[in-house]
Amino acid sequence: METGRMHNRRQRQVLVFFVCLSMSWGSADLGPYSVVEETERGSFVANLAKDLELGLTEMATRAVRIISQGNKEHLQLNVQTGDLLLNEKLDREELCGPTEPCILHFQVLMQKPLEIFQAELRVKDINDHYPVFNEREIILKIPENSPTGTAFPLSNALDLDVGSNNIQNYTISPNFHFRVITHNRSDGRKYPELVLDKELDREEEPEISLTLTALDGGSPPRYGTTQVLIEVMDINDNAPQFQQLLYKVNIPENSPVASLVVTVSANDVDSGLYGKISYTFFQPSEDISKTLEVNPKTGEIRLRKQVDFETVLSYEVDVMATDGGGLSGKCTLLLQVVDVNDNPPKVTVSALTSPIPENTPEIVVAVFSVSDPDSGNNGKTTSSIQDDLPFLLKPSVKNFYTLVTERTLDREQRAEYNITITVTDMGTPRLKTQHNITVLVADVNDNAPAFTQTSYTLWVRENNSPALHIGTVSATDTDAGANAQVTYSLLPPPDPHLPLASLVSINPDNGHLFVLTSLDYEALRAFEFRVGAADRGSPALSSQALVRLLVEDANDNAPFVLYPLQNASAPCTELVPRAAEPGYLVTKVVAVDGDAGQNAWLSYQLLKATEPGLFGVWAHNGEVRTARLLSERDAPKQRLVVLVKDNGEPPLSASVTLHVLLVDGFSQPYLPPPEAEAAAAAPADPLTVYLVVALASVSSLFLFSVLVFVAVRLCRRGGAGSAGRCPVPEGHFPGHLVDVSGTGTLSQSYQYEVCLTGGTVTNEFKFLKPILPTVQAQDPGRNSNENPTFRNSLGFNFQ
């Protein structure tokens with residue numbers, strides 16, 4: 001269980017440490033190590049930490065692993081101690097059969113950097129098997145005239161052990177006629193031959209029974225026995241003779257069953273029963289008996305099953321020809337199996353990293369090995385991957401390859417790669433193996449959020465409801481996961497006096513913009529601010545966009561009349577001489593509208609009048625003029641109501657009341673306004689009457705003095721009347737709507753200077769000129785010592 005946990009931990013760490021893999025390859029040999037077969041599981045083999053010259057901490061850091069060939073894990077590594085231990089009990093005969101030495105190859109793989117060491121484990125044989133004869137009794141028929149020194153081959157015993165533990169010697173039970181000689185075959189096996197030392201006499205001893213013993217070289221030695229029964233026969237003096245003592249045959253491994261291998265042939269010059277020959281395999285092994293068969297009559301040797309070059313390279317067997325008299329001869333068949341390309345290459349992936357981070361060069365993606373059990377060109381391989389992928393295959397040590405990135409990867413261009421590793425051998429026909437791996441590219445926060453627009457222009461109508469949704473900004477991030485999750489925020493405005501936090505807000509999740517308070521176009525027409533979009537990567541990336549918020553005007557301000565003033569304690573009265581011509585300018589209603597655009601376009605109209613048709617109001621400039629000649633029948637006191645209306649939807653309006661007095665050339669005494677008539681009709685005490693008469697007298701005198709002064713001044717400036725400050729009007733004012741814009745009110749308080757022409761009897765107004773309230777108006781042609789300007793109760797300045 002501890003080994004499994006270490007394995008899982010190494011799997012999670014593998015290849016993360018291979019960034020510099022290609023610069024630090026190394027290979028060496030370890031061992032050889034040896035172990036005696038049948039040793040218990042967990043037994044100590046060697047200390048790899050000492051052999052690798054690594055400390056125990058470095059062993060764990062470099063993730064040392066054991067890679068065994070095949071599917072069996074014979075060894076295990078204790079990373080905590082650095083000991084190489086047996087993972088299972090080993091049976092040398094099962095692993096290697098008769099092959100000696102019995103070598104198990106394995107590799108030691110280290111990471112950070114990657115190093116691969118070739119190592120081998122030699123399994124030593126122990127004497128754990130007895131020699132065994134295939135036949136419990138060997139029967140030999142020997143002619144009685146056989147000369148001394150004649151050798152008779154005997155069946156050899158089989159011992160699964162090898163080396164000195166295999167059969168070393170054969171002995172025969174004591175007798176007077178025979179001895180046994182032990183011979184060696186080319187493959188190292190030993191077989192016995194019975195040698196005649198003393199001539200036989202059938203009449204004296206027709207049968208001889210002996211015990212043949214096979215001894216191995218173990219300590220203590222093990223042995224096996226069989227009985228040898230010798231029948232002394234009459235004379236058959238010619239043994240069969242083969243045409244060849246050695247038959248060498250090559251056969252392809254893909255030959256079908258029952259294919260003819262070779263036909264052996266022997267001759268016997270004897271006649272009759274002694275000349276009749278039958279063929280058999282002499283002491284065949286179990287593998288040969290399963291692989292080959294011989295026709296006893298014809299000597300044809302055929303395959304009983306297909307041969308496999310990768311399993312057995314060659315077969316050697318003796319063929320014995322026996323005549324009817326029991327004499328035999330033998331030859332040797334050496335069968336060489338010829339390799340054909342019948343095994344496709346095999347790919348074994350030792351390490352794989354997925355996903356891999358983008359924007360990182362030279363990443364080791366996989367480590368794999370290639371094997372082909374065929375020989376020669378059939379076992380040589382080439383490896384490749386698709387050409388259109390940003391990966392490279394780099395060969396390593398002994399058929400190991402590494403798959404590395406050719407360049408940095410961009411997840412936004414491609415997030416997944418399906419890589420096909422194709423391994424092809426060099427045989428005929430060529431065989432190939434394809435192994436597919438899927439590599440995912442992990443996202444790195446390398447893309448900042450991008451707004452769909454660099455700037456946004458939003459409109460909101462003034463007097464909006466609070467928390468009104470006015471629009472949405474949107475940004476996208478091509479990264480993935482948390483790196484693509486965008487959060488919106490308001491950035492500090494460049495103008496520190498702009499209370500942005502109290503004006504607008506933004507939903508951090510979806511970019512919805514809201515107006516927090518009701519806006520007033522007349523106070524704030526437009527403002528700009530910046531919004532930011534940041535992802536949730538580490539470190540976070542962000543971008544900005546400009547938002548321009550324009551406040552749309554609503555018709556929420558009624559016209560405001562600047563002149564005549566409506567909040568004065570006494571109403572303003574205009575004087576009109578009865579000799580005034582039609583079109584005479586009585587006064588001008590001045591009004592402003594705090595709105596903008598067409599909401600501030602003002603029009604004027606006469607709503608009520610004491611004498612309808614006597615006066616008219618110009619719709620576009622508010623001038624009140626006489627519409628006809630005045631007559632004595634016209635009432636001296638006229639009351640006009642002028643309506644000022646804007647062009648909004650719905651339109652708003654204001655009204656102003658004008659009081660006009662019809663006088664004869666400004667010399668008629670001042671008439672009281674209509675409001676004063678009611679007060680005059682009421683009874684008053686004598687004191688009040690006296691005070692009123694006195695006040696009226698003083699006022700009349702003062703007014704008369706002013707008029708005289710003005711007339712004198714005008715006469716003195718006579719010739720400058722038409723070219724100076726008071727030119728005679730040549731026509732009406734332009735007829736267009738007055739567009740009052742700006743801050744919504746006039747920038748200054750207005751007073752109007754009345755200029756009277758000197759060449760007319762009516763002395764009508766020529767033009768109105770604004771007078772700043774803080775500076776007394778002076779004639780440009782006069783110095784500061786001249787008389788100041790006088791202002792009458794109607795708000796006009798007279799010079």
# chains A, B, ... in the order shown; residues from 1 in each chain; ligands from 1
call {"tool": "residues_around", "arguments": {"residues": "A:His129", "least_positions_apart": "3", "cutoff": "12 Å", "atoms": "only C-alpha atoms", "output": "list of chain:residue names"}}
result
A:Asp91, A:Arg92, A:Glu93, A:Asp125, A:Ile126, A:Val132, A:Ala157, A:Leu158, A:Asp159, A:Leu160, A:Asp161, A:Val162, A:Asn165, A:Asn166, A:Ile167, A:Leu215, A:Asp216, A:Gly217, A:Gly218, A:Pro220, A:Pro221, A:Arg222, A:Tyr223, A:Gly224
call {"tool": "write_last_selection", "arguments": {"atoms": "C-alpha atoms", "output": "mmCIF file, in the first residue's frame"}}
result
data_model
loop_
_atom_site.group_PDB
_atom_site.id
_atom_site.type_symbol
_atom_site.label_atom_id
_atom_site.label_comp_id
_atom_site.auth_asym_id
_atom_site.auth_seq_id
_atom_site.Cartn_x
_atom_site.Cartn_y
_atom_site.Cartn_z
ATOM 1 C CA ASP A 91 11.277 -19.129 -10.054
ATOM 2 C CA ARG A 92 14.293 -19.221 -12.362
ATOM 3 C CA GLU A 93 12.951 -22.172 -14.346
ATOM 4 C CA ASP A 125 19.693 -21.333 -9.673
ATOM 5 C CA ILE A 126 19.314 -23.599 -6.664
ATOM 6 C CA VAL A 132 13.825 -37.421 -14.217
ATOM 7 C CA ALA A 157 17.279 -37.714 -17.907
ATOM 8 C CA LEU A 158 15.860 -34.180 -17.662
ATOM 9 C CA ASP A 159 16.739 -31.726 -14.897
ATOM 10 C CA LEU A 160 15.124 -28.291 -14.922
ATOM 11 C CA ASP A 161 18.017 -26.845 -13.012
ATOM 12 C CA VAL A 162 20.947 -25.372 -14.893
ATOM 13 C CA ASN A 165 22.746 -28.131 -10.579
ATOM 14 C CA ASN A 166 21.937 -29.864 -13.841
ATOM 15 C CA ILE A 167 22.858 -33.478 -14.635
ATOM 16 C CA LEU A 215 23.365 -37.391 -10.800
ATOM 17 C CA ASP A 216 23.268 -33.582 -10.746
ATOM 18 C CA GLY A 217 25.985 -31.340 -9.323
ATOM 19 C CA GLY A 218 24.007 -29.838 -6.495
ATOM 20 C CA PRO A 220 23.773 -32.279 -1.739
ATOM 21 C CA PRO A 221 23.330 -33.882 -5.175
ATOM 22 C CA ARG A 222 19.977 -35.128 -6.366
ATOM 23 C CA TYR A 223 19.537 -38.162 -8.568
ATOM 24 C CA GLY A 224 17.056 -40.090 -10.647
#
call {"tool": "select_by_dssp", "arguments": {"residues": "stretch 28-90 of chain A", "states": "strand (DSSP E or B)", "output": "ChimeraX atom specification"}}
result
/A:28-36,44-47,65-68,75-78,83-86
call {"tool": "closest_residue", "arguments": {"among": "A:Leu707, A:Val319, A:Lys608, A:Thr517", "to": "A:His659", "atoms": "only C-alpha atoms"}}
result
A:Lys608
call {"tool": "atom_distance", "arguments": {"atom1": "atom CA of A:Tyr279", "atom2": "atom CA of A:Thr298"}}
result
7.8 Å
call {"tool": "select_by_dssp", "arguments": {"residues": "stretch 68-277 of chain A", "states": "helix (DSSP H, G or I)", "output": "list in words"}}
result
Arg92, Glu93, Glu94, Leu95, Cys96, Gly163, Ser164, Asn165, Gly272, Leu273, Tyr274 and Gly275 of chain A
call {"tool": "write_last_selection", "arguments": {"atoms": "N, CA, C and O atoms", "output": "PDB file, in the first residue's frame"}}
result
ATOM      1  N   ARG A  92      13.398 -19.364 -11.219  1.00  0.00           N
ATOM      2  CA  ARG A  92      14.293 -19.221 -12.362  1.00  0.00           C
ATOM      3  C   ARG A  92      13.846 -20.063 -13.527  1.00  0.00           C
ATOM      4  O   ARG A  92      13.918 -19.642 -14.694  1.00  0.00           O
ATOM      5  N   GLU A  93      13.348 -21.293 -13.262  1.00  0.00           N
ATOM      6  CA  GLU A  93      12.951 -22.172 -14.346  1.00  0.00           C
ATOM      7  C   GLU A  93      11.725 -21.621 -15.086  1.00  0.00           C
ATOM      8  O   GLU A  93      11.589 -21.807 -16.299  1.00  0.00           O
ATOM      9  N   GLU A  94      10.835 -20.964 -14.359  1.00  0.00           N
ATOM     10  CA  GLU A  94       9.668 -20.370 -15.003  1.00  0.00           C
ATOM     11  C   GLU A  94      10.044 -19.138 -15.808  1.00  0.00           C
ATOM     12  O   GLU A  94       9.486 -18.873 -16.872  1.00  0.00           O
ATOM     13  N   LEU A  95      11.012 -18.377 -15.302  1.00  0.00           N
ATOM     14  CA  LEU A  95      11.385 -17.141 -15.970  1.00  0.00           C
ATOM     15  C   LEU A  95      12.263 -17.380 -17.191  1.00  0.00           C
ATOM     16  O   LEU A  95      12.058 -16.751 -18.230  1.00  0.00           O
ATOM     17  N   CYS A  96      13.227 -18.261 -17.080  1.00  0.00           N
ATOM     18  CA  CYS A  96      14.229 -18.394 -18.139  1.00  0.00           C
ATOM     19  C   CYS A  96      14.307 -19.780 -18.750  1.00  0.00           C
ATOM     20  O   CYS A  96      14.960 -19.961 -19.795  1.00  0.00           O
ATOM     21  N   GLY A 163      23.331 -25.262 -15.060  1.00  0.00           N
ATOM     22  CA  GLY A 163      24.679 -25.145 -14.533  1.00  0.00           C
ATOM     23  C   GLY A 163      25.086 -26.387 -13.778  1.00  0.00           C
ATOM     24  O   GLY A 163      24.821 -27.536 -14.168  1.00  0.00           O
ATOM     25  N   SER A 164      25.733 -26.169 -12.690  1.00  0.00           N
ATOM     26  CA  SER A 164      26.207 -27.288 -11.884  1.00  0.00           C
ATOM     27  C   SER A 164      25.074 -28.059 -11.234  1.00  0.00           C
ATOM     28  O   SER A 164      25.257 -29.205 -10.812  1.00  0.00           O
ATOM     29  N   ASN A 165      23.900 -27.435 -11.154  1.00  0.00           N
ATOM     30  CA  ASN A 165      22.746 -28.131 -10.579  1.00  0.00           C
ATOM     31  C   ASN A 165      22.065 -29.043 -11.592  1.00  0.00           C
ATOM     32  O   ASN A 165      21.130 -29.754 -11.229  1.00  0.00           O
ATOM     33  N   GLY A 272      15.249 -58.690 -45.550  1.00  0.00           N
ATOM     34  CA  GLY A 272      14.174 -59.204 -44.715  1.00  0.00           C
ATOM     35  C   GLY A 272      13.825 -58.245 -43.602  1.00  0.00           C
ATOM     36  O   GLY A 272      13.854 -57.017 -43.737  1.00  0.00           O
ATOM     37  N   LEU A 273      13.489 -58.853 -42.468  1.00  0.00           N
ATOM     38  CA  LEU A 273      13.097 -58.038 -41.324  1.00  0.00           C
ATOM     39  C   LEU A 273      14.231 -57.140 -40.856  1.00  0.00           C
ATOM     40  O   LEU A 273      14.001 -56.013 -40.415  1.00  0.00           O
ATOM     41  N   TYR A 274      15.465 -57.600 -41.002  1.00  0.00           N
ATOM     42  CA  TYR A 274      16.607 -56.814 -40.545  1.00  0.00           C
ATOM     43  C   TYR A 274      16.894 -55.608 -41.449  1.00  0.00           C
ATOM     44  O   TYR A 274      17.640 -54.710 -41.074  1.00  0.00           O
ATOM     45  N   GLY A 275      16.314 -55.610 -42.615  1.00  0.00           N
ATOM     46  CA  GLY A 275      16.529 -54.485 -43.515  1.00  0.00           C
ATOM     47  C   GLY A 275      15.373 -53.491 -43.524  1.00  0.00           C
ATOM     48  O   GLY A 275      15.409 -52.488 -44.245  1.00  0.00           O
TER      49      GLY A 275
END
call {"tool": "decode", "arguments": {"residues": "stretch 264-292 of chain A", "atoms": "N, CA, C and O atoms", "output": "short mmCIF file (atom, residue, chain, number, x, y, z; two decimals), in the first residue's frame"}}
result
data_model
loop_
_atom_site.label_atom_id
_atom_site.label_comp_id
_atom_site.auth_asym_id
_atom_site.auth_seq_id
_atom_site.Cartn_x
_atom_site.Cartn_y
_atom_site.Cartn_z
N VAL A 264 14.45 -37.24 -43.91
CA VAL A 264 15.69 -37.96 -43.61
C VAL A 264 15.60 -39.37 -44.21
O VAL A 264 14.51 -39.94 -44.37
N SER A 265 16.77 -39.92 -44.51
CA SER A 265 16.79 -41.24 -45.17
C SER A 265 17.98 -42.03 -44.68
O SER A 265 19.10 -41.51 -44.56
N ALA A 266 17.74 -43.31 -44.38
CA ALA A 266 18.80 -44.23 -43.95
C ALA A 266 18.69 -45.54 -44.75
O ALA A 266 17.60 -45.90 -45.20
N ASN A 267 19.81 -46.24 -44.89
CA ASN A 267 19.85 -47.52 -45.64
C ASN A 267 20.36 -48.63 -44.73
O ASN A 267 21.20 -48.40 -43.85
N ASP A 268 19.84 -49.85 -44.96
CA ASP A 268 20.31 -51.05 -44.23
C ASP A 268 20.50 -52.16 -45.28
O ASP A 268 19.57 -52.53 -45.99
N VAL A 269 21.72 -52.64 -45.36
CA VAL A 269 22.04 -53.64 -46.39
C VAL A 269 21.51 -55.01 -46.04
O VAL A 269 21.56 -55.93 -46.88
N ASP A 270 21.04 -55.14 -44.81
CA ASP A 270 20.45 -56.42 -44.47
C ASP A 270 19.16 -56.61 -45.25
O ASP A 270 18.61 -55.66 -45.82
N SER A 271 18.71 -57.80 -45.24
CA SER A 271 17.48 -58.11 -45.97
C SER A 271 16.45 -58.63 -45.00
O SER A 271 16.74 -58.94 -43.86
N GLY A 272 15.25 -58.69 -45.55
CA GLY A 272 14.17 -59.20 -44.71
C GLY A 272 13.83 -58.25 -43.60
O GLY A 272 13.85 -57.02 -43.74
N LEU A 273 13.49 -58.85 -42.47
CA LEU A 273 13.10 -58.04 -41.32
C LEU A 273 14.23 -57.14 -40.86
O LEU A 273 14.00 -56.01 -40.41
N TYR A 274 15.46 -57.60 -41.00
CA TYR A 274 16.61 -56.81 -40.55
C TYR A 274 16.89 -55.61 -41.45
O TYR A 274 17.64 -54.71 -41.07
N GLY A 275 16.31 -55.61 -42.62
CA GLY A 275 16.53 -54.49 -43.52
C GLY A 275 15.37 -53.49 -43.52
O GLY A 275 15.41 -52.49 -44.24
N LYS A 276 14.34 -53.76 -42.78
CA LYS A 276 13.19 -52.85 -42.73
C LYS A 276 13.45 -51.77 -41.66
O LYS A 276 13.70 -52.09 -40.49
N ILE A 277 13.37 -50.49 -42.06
CA ILE A 277 13.78 -49.38 -41.20
C ILE A 277 12.55 -48.57 -40.77
O ILE A 277 11.65 -48.31 -41.57
N SER A 278 12.55 -48.17 -39.57
CA SER A 278 11.54 -47.23 -39.04
C SER A 278 12.26 -46.04 -38.39
O SER A 278 13.34 -46.21 -37.79
N TYR A 279 11.65 -44.87 -38.53
CA TYR A 279 12.28 -43.62 -38.04
C TYR A 279 11.53 -43.11 -36.80
O TYR A 279 10.30 -43.10 -36.74
N THR A 280 12.33 -42.67 -35.88
CA THR A 280 11.77 -42.06 -34.66
C THR A 280 12.72 -40.95 -34.19
O THR A 280 13.90 -40.92 -34.57
N PHE A 281 12.14 -40.02 -33.36
CA PHE A 281 12.99 -39.04 -32.69
C PHE A 281 13.65 -39.72 -31.50
O PHE A 281 12.98 -40.43 -30.73
N PHE A 282 14.91 -39.46 -31.36
CA PHE A 282 15.63 -40.07 -30.26
C PHE A 282 15.68 -39.08 -29.10
O PHE A 282 16.28 -38.01 -29.19
N GLN A 283 14.98 -39.49 -28.03
CA GLN A 283 14.95 -38.69 -26.81
C GLN A 283 14.56 -37.22 -27.08
O GLN A 283 15.30 -36.29 -26.76
N PRO A 284 13.41 -37.00 -27.71
CA PRO A 284 13.01 -35.60 -27.97
C PRO A 284 12.56 -34.91 -26.68
O PRO A 284 12.01 -35.54 -25.77
N SER A 285 12.80 -33.63 -26.63
CA SER A 285 12.29 -32.84 -25.50
C SER A 285 10.79 -32.64 -25.67
O SER A 285 10.21 -32.91 -26.73
N GLU A 286 10.18 -32.16 -24.61
CA GLU A 286 8.73 -31.95 -24.67
C GLU A 286 8.36 -30.90 -25.72
O GLU A 286 7.37 -31.04 -26.44
N ASP A 287 9.20 -29.87 -25.82
CA ASP A 287 8.92 -28.81 -26.80
C ASP A 287 9.04 -29.34 -28.22
O ASP A 287 8.23 -29.03 -29.09
N ILE A 288 10.05 -30.20 -28.47
CA ILE A 288 10.22 -30.76 -29.82
C ILE A 288 9.08 -31.71 -30.14
O ILE A 288 8.56 -31.74 -31.26
N SER A 289 8.64 -32.49 -29.17
CA SER A 289 7.54 -33.42 -29.42
C SER A 289 6.26 -32.67 -29.79
O SER A 289 5.44 -33.18 -30.56
N LYS A 290 6.10 -31.47 -29.22
CA LYS A 290 4.92 -30.68 -29.55
C LYS A 290 5.07 -29.93 -30.87
O LYS A 290 4.08 -29.53 -31.47
N THR A 291 6.32 -29.74 -31.30
CA THR A 291 6.56 -28.92 -32.49
C THR A 291 6.73 -29.74 -33.75
O THR A 291 6.23 -29.38 -34.81
N LEU A 292 7.44 -30.91 -33.66
CA LEU A 292 7.78 -31.70 -34.85
C LEU A 292 7.21 -33.11 -34.73
O LEU A 292 6.99 -33.63 -33.63
#
